[in-house]
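The file my_file.pdb contains PDB, C-alpha atoms:
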```
ATOM      1  CA  MET A   1     117.567 109.665 148.214
ATOM      2  CA  ARG A   2     116.414 108.596 151.673
ATOM      3  CA  ARG A   3     115.282 104.937 151.741
ATOM      4  CA  SER A   4     112.203 105.894 153.695
ATOM      5  CA  LEU A   5     110.923 107.868 150.698
ATOM      6  CA  LEU A   6     111.259 105.016 148.195
ATOM      7  CA  ARG A   7     108.193 103.147 149.366
ATOM      8  CA  PRO A   8     105.668 105.992 149.006
ATOM      9  CA  LEU A   9     107.333 107.162 145.786
ATOM     10  CA  LEU A  10     107.172 103.724 144.145
ATOM     11  CA  ALA A  11     103.627 103.137 145.418
ATOM     12  CA  SER A  12     102.498 106.513 144.072
ATOM     13  CA  ALA A  13     104.212 105.937 140.714
ATOM     14  CA  GLY A  14     102.610 102.487 140.481
ATOM     15  CA  LEU A  15      99.164 103.825 141.313
ATOM     16  CA  ILE A  16      99.511 106.680 138.800
ATOM     17  CA  THR A  17     100.683 104.244 136.092
ATOM     18  CA  LEU A  18      97.871 101.776 136.808
ATOM     19  CA  VAL A  19      95.072 104.320 137.017
ATOM     20  CA  GLY A  20      96.517 106.435 134.206
ATOM     21  CA  SER A  21      96.781 103.609 131.699
ATOM     22  CA  LEU A  22      93.353 102.258 132.637
ATOM     23  CA  GLY A  23      91.832 105.740 132.396
ATOM     24  CA  TYR A  24      93.543 106.472 129.054
ATOM     25  CA  TRP A  25      92.277 103.165 127.642
ATOM     26  CA  LEU A  26      88.729 103.743 128.901
ATOM     27  CA  ALA A  27      88.657 107.356 127.704
ATOM     28  CA  SER A  28      89.888 106.261 124.260
ATOM     29  CA  GLY A  29      86.955 103.927 123.759
ATOM     30  CA  ALA A  30      88.052 100.785 125.664
ATOM     31  CA  HIS A  31      89.061  99.016 122.456
ATOM     32  CA  ARG A  32      89.382  95.332 123.328
ATOM     33  CA  GLY A  33      91.517  94.403 120.325
ATOM     34  CA  TRP A  34      95.100  95.343 119.440
ATOM     35  CA  SER A  35      96.074  99.001 119.258
ATOM     36  CA  GLN A  36      95.070 100.796 116.096
ATOM     37  CA  HIS A  37      97.258 103.383 114.404
ATOM     38  CA  ARG A  38      94.522 104.149 111.907
ATOM     39  CA  VAL A  39      90.835 103.634 112.471
ATOM     40  CA  PRO A  40      88.639 102.086 109.772
ATOM     41  CA  VAL A  41      85.467 103.975 108.939
ATOM     42  CA  GLY A  42      82.777 102.303 106.841
ATOM     43  CA  GLN A  43      81.188 104.328 104.065
ATOM     44  CA  ILE A  44      78.764 103.774 101.212
ATOM     45  CA  ASP A  45      79.145 104.972  97.636
ATOM     46  CA  GLU A  46      75.725 106.504  96.964
ATOM     47  CA  VAL A  47      75.447 105.777  93.247
ATOM     48  CA  THR A  48      76.608 102.162  93.267
ATOM     49  CA  GLY A  49      75.732 101.143  96.841
ATOM     50  CA  VAL A  50      79.267  99.792  97.273
ATOM     51  CA  ALA A  51      80.481  99.700 100.868
ATOM     52  CA  PHE A  52      84.060 100.847 101.289
ATOM     53  CA  THR A  53      86.467 101.685 104.071
ATOM     54  CA  THR A  54      88.434 104.832 104.714
ATOM     55  CA  TYR A  55      90.940 105.279 107.536
ATOM     56  CA  GLU A  56      91.275 108.063 110.089
ATOM     57  CA  ASP A  57      94.858 108.638 111.186
ATOM     58  CA  ARG A  58      94.522 108.485 114.955
ATOM     59  CA  PHE A  59      95.805 106.187 117.663
ATOM     60  CA  VAL A  60      93.449 103.989 119.657
ATOM     61  CA  PRO A  61      95.125 102.120 122.519
ATOM     62  CA  GLY A  62      94.423  98.432 122.545
ATOM     63  CA  ILE A  63      94.403  95.714 125.145
ATOM     64  CA  GLU A  64      98.215  95.390 125.150
ATOM     65  CA  ILE A  65      98.570  99.019 126.280
ATOM     66  CA  VAL A  66      96.195  98.690 129.225
ATOM     67  CA  THR A  67      97.528  95.304 130.323
ATOM     68  CA  THR A  68     101.125  96.548 130.159
ATOM     69  CA  GLY A  69     100.192  99.687 132.122
ATOM     70  CA  VAL A  70      98.243  97.780 134.763
ATOM     71  CA  ALA A  71     100.988  95.159 135.122
ATOM     72  CA  LEU A  72     103.717  97.807 135.375
ATOM     73  CA  GLY A  73     101.708  99.818 137.900
ATOM     74  CA  ALA A  74     100.934  96.760 139.989
ATOM     75  CA  GLY A  75     104.602  95.724 139.792
ATOM     76  CA  LEU A  76     105.800  99.100 141.044
ATOM     77  CA  MET A  77     103.305  98.969 143.907
ATOM     78  CA  ALA A  78     104.441  95.444 144.788
ATOM     79  CA  VAL A  79     108.119  96.432 144.695
ATOM     80  CA  SER A  80     107.374  99.377 146.984
ATOM     81  CA  PHE A  81     106.602  96.903 149.780
ATOM     82  CA  ALA A  82     110.221  95.745 149.674
ATOM     83  CA  PHE A  83     111.204  99.032 151.222
ATOM     84  CA  PRO A  84     110.456 100.092 154.771
ATOM     85  CA  SER A  85     107.598 102.451 155.397
ATOM     86  CA  PRO A  86     108.560 105.947 156.607
ATOM     87  CA  GLN A  87     107.012 105.208 160.029
ATOM     88  CA  SER A  88     109.204 102.122 160.596
ATOM     89  CA  VAL A  89     112.492 103.901 159.841
ATOM     90  CA  PRO A  90     113.956 105.121 163.176
ATOM     91  CA  ALA A  91     114.692 108.831 163.211
ATOM     92  CA  LYS A  92     118.356 109.769 163.536
ATOM     93  CA  SER A  93     119.139 111.411 166.852
TER      94      SER A  93
ATOM     95  CA  MET B  94      61.703 105.531  49.240
ATOM     96  CA  LYS B  95      63.355 102.156  48.948
ATOM     97  CA  THR B  96      66.753 103.751  49.569
ATOM     98  CA  SER B  97      65.439 105.533  52.690
ATOM     99  CA  LEU B  98      64.047 102.306  54.100
ATOM    100  CA  LEU B  99      67.343 100.537  53.479
ATOM    101  CA  THR B 100      69.239 103.380  55.159
ATOM    102  CA  LEU B 101      66.870 103.255  58.141
ATOM    103  CA  ALA B 102      67.196  99.487  58.379
ATOM    104  CA  ALA B 103      70.972  99.746  58.178
ATOM    105  CA  SER B 104      71.005 102.481  60.863
ATOM    106  CA  LEU B 105      68.807 100.435  63.180
ATOM    107  CA  GLY B 106      70.987  97.413  62.607
ATOM    108  CA  LEU B 107      74.100  99.417  63.401
ATOM    109  CA  ALA B 108      72.517 100.899  66.517
ATOM    110  CA  GLY B 109      71.441  97.440  67.596
ATOM    111  CA  SER B 110      74.901  96.035  67.116
ATOM    112  CA  LEU B 111      76.420  98.960  69.017
ATOM    113  CA  ALA B 112      73.984  98.497  71.914
ATOM    114  CA  ALA B 113      74.878  94.837  72.096
ATOM    115  CA  ALA B 114      78.613  95.418  71.774
ATOM    116  CA  PRO B 115      80.838  94.338  74.649
ATOM    117  CA  ILE B 116      81.910  97.219  76.894
ATOM    118  CA  THR B 117      85.325  97.413  78.519
ATOM    119  CA  PHE B 118      85.242  98.676  82.107
ATOM    120  CA  ASP B 119      88.305 100.036  83.859
ATOM    121  CA  PHE B 120      88.665  99.262  87.587
ATOM    122  CA  LYS B 121      91.047 102.138  88.208
ATOM    123  CA  ASP B 122      88.411 104.031  90.116
ATOM    124  CA  PRO B 123      88.244 107.817  89.577
ATOM    125  CA  LYS B 124      86.766 108.142  93.085
ATOM    126  CA  GLY B 125      89.477 105.967  94.591
ATOM    127  CA  VAL B 126      87.135 103.873  96.693
ATOM    128  CA  ASN B 127      87.621 100.454  95.079
ATOM    129  CA  ALA B 128      89.025  97.968  97.555
ATOM    130  CA  ILE B 129      89.135  94.329  98.461
ATOM    131  CA  GLN B 130      88.451  93.367 102.057
ATOM    132  CA  PHE B 131      90.354  90.542 103.713
ATOM    133  CA  SER B 132      90.160  88.879 107.084
ATOM    134  CA  LEU B 133      91.957  86.125 108.988
ATOM    135  CA  ASP B 134      90.792  84.848 112.342
ATOM    136  CA  SER B 135      93.460  85.402 114.946
ATOM    137  CA  VAL B 136      94.132  85.616 118.652
ATOM    138  CA  LEU B 137      92.050  88.336 120.342
ATOM    139  CA  GLU B 138      90.462  89.624 117.137
ATOM    140  CA  PRO B 139      90.476  88.939 113.383
ATOM    141  CA  ILE B 140      93.223  90.533 111.332
ATOM    142  CA  ALA B 141      91.055  92.514 108.946
ATOM    143  CA  GLY B 142      91.960  95.107 106.388
ATOM    144  CA  THR B 143      91.597  96.384 102.887
ATOM    145  CA  ALA B 144      93.598  96.571  99.684
ATOM    146  CA  SER B 145      92.830  99.614  97.611
ATOM    147  CA  GLY B 146      95.410  99.539  94.818
ATOM    148  CA  ILE B 147      93.077  97.995  92.272
ATOM    149  CA  THR B 148      93.608  98.086  88.540
ATOM    150  CA  GLY B 149      92.403  95.975  85.656
ATOM    151  CA  LYS B 150      89.743  95.729  83.027
ATOM    152  CA  LEU B 151      86.632  93.679  82.443
ATOM    153  CA  THR B 152      84.931  93.349  79.086
ATOM    154  CA  PHE B 153      81.252  92.769  79.649
ATOM    155  CA  ASP B 154      78.446  92.370  77.161
ATOM    156  CA  PRO B 155      75.055  92.999  78.829
ATOM    157  CA  ALA B 156      73.465  90.887  76.105
ATOM    158  CA  ASN B 157      75.913  88.029  76.580
ATOM    159  CA  PRO B 158      77.323  87.966  80.144
ATOM    160  CA  ALA B 159      78.880  84.545  79.635
ATOM    161  CA  ALA B 160      81.365  86.119  77.223
ATOM    162  CA  THR B 161      82.826  88.303  79.983
ATOM    163  CA  THR B 162      86.608  88.426  80.110
ATOM    164  CA  GLY B 163      89.031  90.385  82.241
ATOM    165  CA  LYS B 164      91.693  90.630  84.863
ATOM    166  CA  ILE B 165      91.876  92.423  88.188
ATOM    167  CA  SER B 166      95.146  93.260  89.879
ATOM    168  CA  VAL B 167      95.755  94.464  93.430
ATOM    169  CA  ALA B 168      98.985  96.179  94.459
ATOM    170  CA  THR B 169     100.350  94.173  97.392
ATOM    171  CA  THR B 170     101.738  97.300  99.046
ATOM    172  CA  SER B 171      98.212  98.732  99.209
ATOM    173  CA  LEU B 172      97.175  96.189 101.839
ATOM    174  CA  VAL B 173      96.307  98.031 105.034
ATOM    175  CA  VAL B 174      95.394  96.822 108.514
ATOM    176  CA  PRO B 175      94.731  99.198 111.425
ATOM    177  CA  ASN B 176      97.805  98.155 113.430
ATOM    178  CA  ALA B 177     101.070  99.520 111.986
ATOM    179  CA  LEU B 178     103.280  96.697 113.279
ATOM    180  CA  MET B 179     100.925  94.046 111.881
ATOM    181  CA  ASN B 180     100.954  95.920 108.573
ATOM    182  CA  GLU B 181     104.740  95.805 108.504
ATOM    183  CA  HIS B 182     104.745  92.061 109.227
ATOM    184  CA  LEU B 183     102.005  91.414 106.657
ATOM    185  CA  LEU B 184     104.029  92.990 103.845
ATOM    186  CA  GLY B 185     107.333  91.601 105.051
ATOM    187  CA  ASP B 186     109.382  88.607 103.899
ATOM    188  CA  ALA B 187     107.699  86.077 106.178
ATOM    189  CA  TRP B 188     104.176  86.822 104.992
ATOM    190  CA  LEU B 189     103.413  88.412 101.602
ATOM    191  CA  ASN B 190     106.932  89.601 100.707
ATOM    192  CA  ALA B 191     105.518  92.605  98.852
ATOM    193  CA  PRO B 192     108.783  93.744  97.224
ATOM    194  CA  ALA B 193     109.197  90.353  95.535
ATOM    195  CA  HIS B 194     105.501  89.853  94.783
ATOM    196  CA  PRO B 195     104.088  93.297  94.050
ATOM    197  CA  ALA B 196     100.710  92.171  92.680
ATOM    198  CA  ILE B 197      97.844  89.858  93.572
ATOM    199  CA  THR B 198      95.803  89.025  90.476
ATOM    200  CA  PHE B 199      92.675  87.270  89.305
ATOM    201  CA  GLU B 200      92.334  86.502  85.622
ATOM    202  CA  LEU B 201      88.885  85.392  84.556
ATOM    203  CA  THR B 202      88.921  82.372  82.284
ATOM    204  CA  ARG B 203      85.204  81.621  82.151
ATOM    205  CA  LEU B 204      81.870  82.760  83.529
ATOM    206  CA  GLU B 205      79.314  80.006  83.908
ATOM    207  CA  GLY B 206      75.685  79.691  84.917
ATOM    208  CA  ALA B 207      74.969  83.338  84.226
ATOM    209  CA  LYS B 208      71.448  84.344  85.180
ATOM    210  CA  THR B 209      70.365  87.918  84.645
ATOM    211  CA  ALA B 210      67.462  89.597  86.399
ATOM    212  CA  ASN B 211      66.947  93.280  85.626
ATOM    213  CA  ASN B 212      70.488  94.642  85.550
ATOM    214  CA  VAL B 213      72.087  92.073  87.857
ATOM    215  CA  THR B 214      73.850  88.990  86.561
ATOM    216  CA  ALA B 215      74.706  86.205  88.985
ATOM    217  CA  ALA B 216      77.273  83.692  87.824
ATOM    218  CA  THR B 217      80.185  81.521  88.792
ATOM    219  CA  ALA B 218      83.545  82.919  87.800
ATOM    220  CA  THR B 219      86.484  80.615  87.272
ATOM    221  CA  GLY B 220      89.938  82.011  86.877
ATOM    222  CA  LYS B 221      93.611  82.030  87.753
ATOM    223  CA  PHE B 222      94.296  83.541  91.159
ATOM    224  CA  THR B 223      97.889  84.530  91.842
ATOM    225  CA  LEU B 224      99.086  85.288  95.352
ATOM    226  CA  LYS B 225     102.711  85.508  96.433
ATOM    227  CA  GLY B 226     103.795  84.148  93.061
ATOM    228  CA  VAL B 227     101.634  81.010  93.284
ATOM    229  CA  THR B 228      98.860  80.624  90.713
ATOM    230  CA  LYS B 229      95.857  78.364  91.277
ATOM    231  CA  GLU B 230      92.514  78.010  89.572
ATOM    232  CA  ILE B 231      89.649  79.068  91.800
ATOM    233  CA  THR B 232      85.896  79.396  91.445
ATOM    234  CA  VAL B 233      84.072  82.394  92.855
ATOM    235  CA  PRO B 234      80.332  83.135  92.948
ATOM    236  CA  VAL B 235      79.928  86.674  91.637
ATOM    237  CA  THR B 236      77.281  89.207  90.811
ATOM    238  CA  ILE B 237      77.721  91.820  88.121
ATOM    239  CA  THR B 238      75.494  94.862  88.284
ATOM    240  CA  TYR B 239      75.343  96.878  85.096
ATOM    241  CA  LEU B 240      74.484 100.542  85.635
ATOM    242  CA  ALA B 241      73.893 102.132  82.249
ATOM    243  CA  ASP B 242      74.607 105.876  82.031
ATOM    244  CA  ALA B 243      75.588 106.145  85.707
ATOM    245  CA  PHE B 244      79.229 107.169  85.202
ATOM    246  CA  GLY B 245      78.626 110.937  85.073
ATOM    247  CA  LYS B 246      76.375 110.927  88.120
ATOM    248  CA  ARG B 247      78.997 109.097  90.148
ATOM    249  CA  ILE B 248      81.713 111.638  89.426
ATOM    250  CA  ASN B 249      79.286 114.558  89.860
ATOM    251  CA  LYS B 250      79.522 115.454  86.170
ATOM    252  CA  PRO B 251      76.171 114.402  84.672
ATOM    253  CA  GLU B 252      77.242 115.758  81.296
ATOM    254  CA  VAL B 253      79.901 113.027  81.035
ATOM    255  CA  LYS B 254      78.398 109.935  79.465
ATOM    256  CA  GLY B 255      79.338 106.417  80.371
ATOM    257  CA  ASP B 256      78.374 103.213  82.143
ATOM    258  CA  LEU B 257      79.353 101.553  85.382
ATOM    259  CA  ILE B 258      79.649  97.981  86.452
ATOM    260  CA  VAL B 259      79.774  96.687  90.019
ATOM    261  CA  LEU B 260      81.515  93.380  90.535
ATOM    262  CA  ARG B 261      80.809  91.659  93.837
ATOM    263  CA  GLY B 262      82.113  88.363  95.134
ATOM    264  CA  ALA B 263      83.443  86.547  98.156
ATOM    265  CA  PHE B 264      85.778  83.601  98.478
ATOM    266  CA  SER B 265      88.465  82.205 100.707
ATOM    267  CA  VAL B 266      91.890  80.682 100.188
ATOM    268  CA  ILE B 267      94.227  78.708 102.405
ATOM    269  CA  ARG B 268      97.345  80.775 103.028
ATOM    270  CA  GLY B 269      99.634  77.738 103.110
ATOM    271  CA  ASP B 270      98.597  76.844  99.547
ATOM    272  CA  TYR B 271     100.162  80.114  98.426
ATOM    273  CA  GLY B 272     103.370  79.794 100.388
ATOM    274  CA  ILE B 273     102.272  82.124 103.181
ATOM    275  CA  GLN B 274     103.680  80.649 106.379
ATOM    276  CA  PRO B 275     102.650  77.087 105.452
ATOM    277  CA  GLY B 276     102.188  75.046 108.620
ATOM    278  CA  LYS B 277     103.366  77.922 110.792
ATOM    279  CA  ASN B 278     101.610  80.025 113.420
ATOM    280  CA  GLU B 279      98.380  78.123 112.825
ATOM    281  CA  ASP B 280      97.532  78.379 116.525
ATOM    282  CA  LYS B 281      97.749  82.182 116.295
ATOM    283  CA  VAL B 282      96.558  83.025 112.792
ATOM    284  CA  ASN B 283      93.945  80.933 110.993
ATOM    285  CA  THR B 284      94.981  79.266 107.762
ATOM    286  CA  GLU B 285      91.918  80.561 105.921
ATOM    287  CA  ILE B 286      92.007  84.033 104.367
ATOM    288  CA  LYS B 287      88.527  85.364 103.654
ATOM    289  CA  LEU B 288      88.324  87.814 100.786
ATOM    290  CA  SER B 289      85.423  89.862  99.542
ATOM    291  CA  LEU B 290      85.262  92.395  96.811
ATOM    292  CA  ALA B 291      82.805  95.021  95.667
ATOM    293  CA  VAL B 292      84.516  97.063  93.014
ATOM    294  CA  VAL B 293      83.275  99.536  90.463
ATOM    295  CA  GLY B 294      84.392  99.558  86.851
ATOM    296  CA  SER B 295      83.932 102.622  84.667
ATOM    297  CA  ALA B 296      83.399 102.935  80.949
ATOM    298  CA  PRO B 297      83.211 106.597  79.968
ATOM    299  CA  ARG B 298      81.987 107.334  76.456
ATOM    300  CA  GLY B 299      83.167 110.013  74.107
TER     301      GLY B 299
END
```
Would you mind writing the structure in this file as structure tokens?
Amino acid sequence: MRRSLLRPLLASAGLITLVGSLGYWLASGAHRGWSQHRVPVGQIDEVTGVAFTTYEDRFVPGIEIVTTGVALGAGLMAVSFAFPSPQSVPAKS
Amino acid sequence: MKTSLLTLAASLGLAGSLAAAPITFDFKDPKGVNAIQFSLDSVLEPIAGTASGITGKLTFDPANPAATTGKISVATTSLVVPNALMNEHLLGDAWLNAPAHPAITFELTRLEGAKTANNVTAATATGKFTLKGVTKEITVPVTITYLADAFGKRINKPEVKGDLIVLRGAFSVIRGDYGIQPGKNEDKVNTEIKLSLAVVGSAPRG
């Protein structure tokens, strides 16, 4: 792979990772706790008035998912600056 | 005439004694909704979940609540928290060690200060609480709601006769007292485990 392509590729991958993970987290309800693999749902037993919990089997990304995604994306974007931009690489004659 | 009166008196006496007889309620819930809620304060958010594997029996006499006896058992493997990894850790060796300690139990030894208003009895329950193989005596404020003839309605079969009881209570224990990570991870997971229960016992008749 040409070195001049690494910078835009890494920057794009970083941006996609950052925005993607943030978007996924926001679209999934922006849960500010740990990820949930089952979601508690409160219910009431009509005859006795007892409150009880059932669980829906679905994944809700938590704060560790979004922070990992944002950190990874930002890291990729930062690393991209270690490579020369396409404009600064002299064209071969 | 005299014989009829004696028969009537005997029948009334028998009916009275039956009405006042203690009733044994089974906490294995036909609707499967009985559960105990637990919560520990932790980093970011409390570790909160439920334990639904409840079995046990309570013998309750509406006319004499203080004579209540019984035992409730919770299957350790039925403890559930929303995060799968936390669930695995919770049941693992370092925390509850569910394979070695498959049940959490409370055995009622006495019910004191019972005060009944309508069908609700408030009292203080003292009993032996066993968690992770360690048994300690604890005292729990409880309410017992007696729902006569409500069993059939609850299971959508009104023709089935029977009574219900709802046992409610809340208490907390210190995890280190029961050998759960004593003195460890106290900066991450609070030492106090808050427990609350609202469980239904059934006593079908006939």
For the point (80.7, 105.5, 95.8) in file coordinates, what residues are within 10 Å, counting only C-alpha atoms? Give the answer as a count of residues only? 19
Decode the PyMOL selection byres ((chain A) within 7 of (chain B)) for the given file into explicit residues and return them as an MDAnalysis selection string. chainID A and resid 33 35:40 47 50 52
List the spatial neighbours of B:Thr162 as an NGL selection string - criterion: any atom at most 7 Å away, only C-alpha atoms, same-chain residues fewer than 5 positions off excluded. :B and (151-153 or 201-202)
Please expand the PyMOL selection byres ((chain B and resi 230) around 9) into the concrete residues it hits in this file, giving the result as a PyMOL selection string. chain B and resi 219-223+228-229+231-232
For this file, the PyMOL selection byres ((chain A and resi 15) around 10) selects which residues, as JSON, numbers by chain? {"A": [9, 10, 11, 12, 13, 14, 16, 17, 18, 19, 20, 21, 70, 72, 73, 74, 75, 76, 77]}
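Closest approach to B:Thr117 among B:Ser295, B:Asn283, B:Asn278, B:Asn249: B:Ser295, based on all atoms listed in the file.
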Enter the distance from atom CA of A:Thr68 to atom CA of B:Gln274, in Å, rounded to one decimal. 28.7 Å
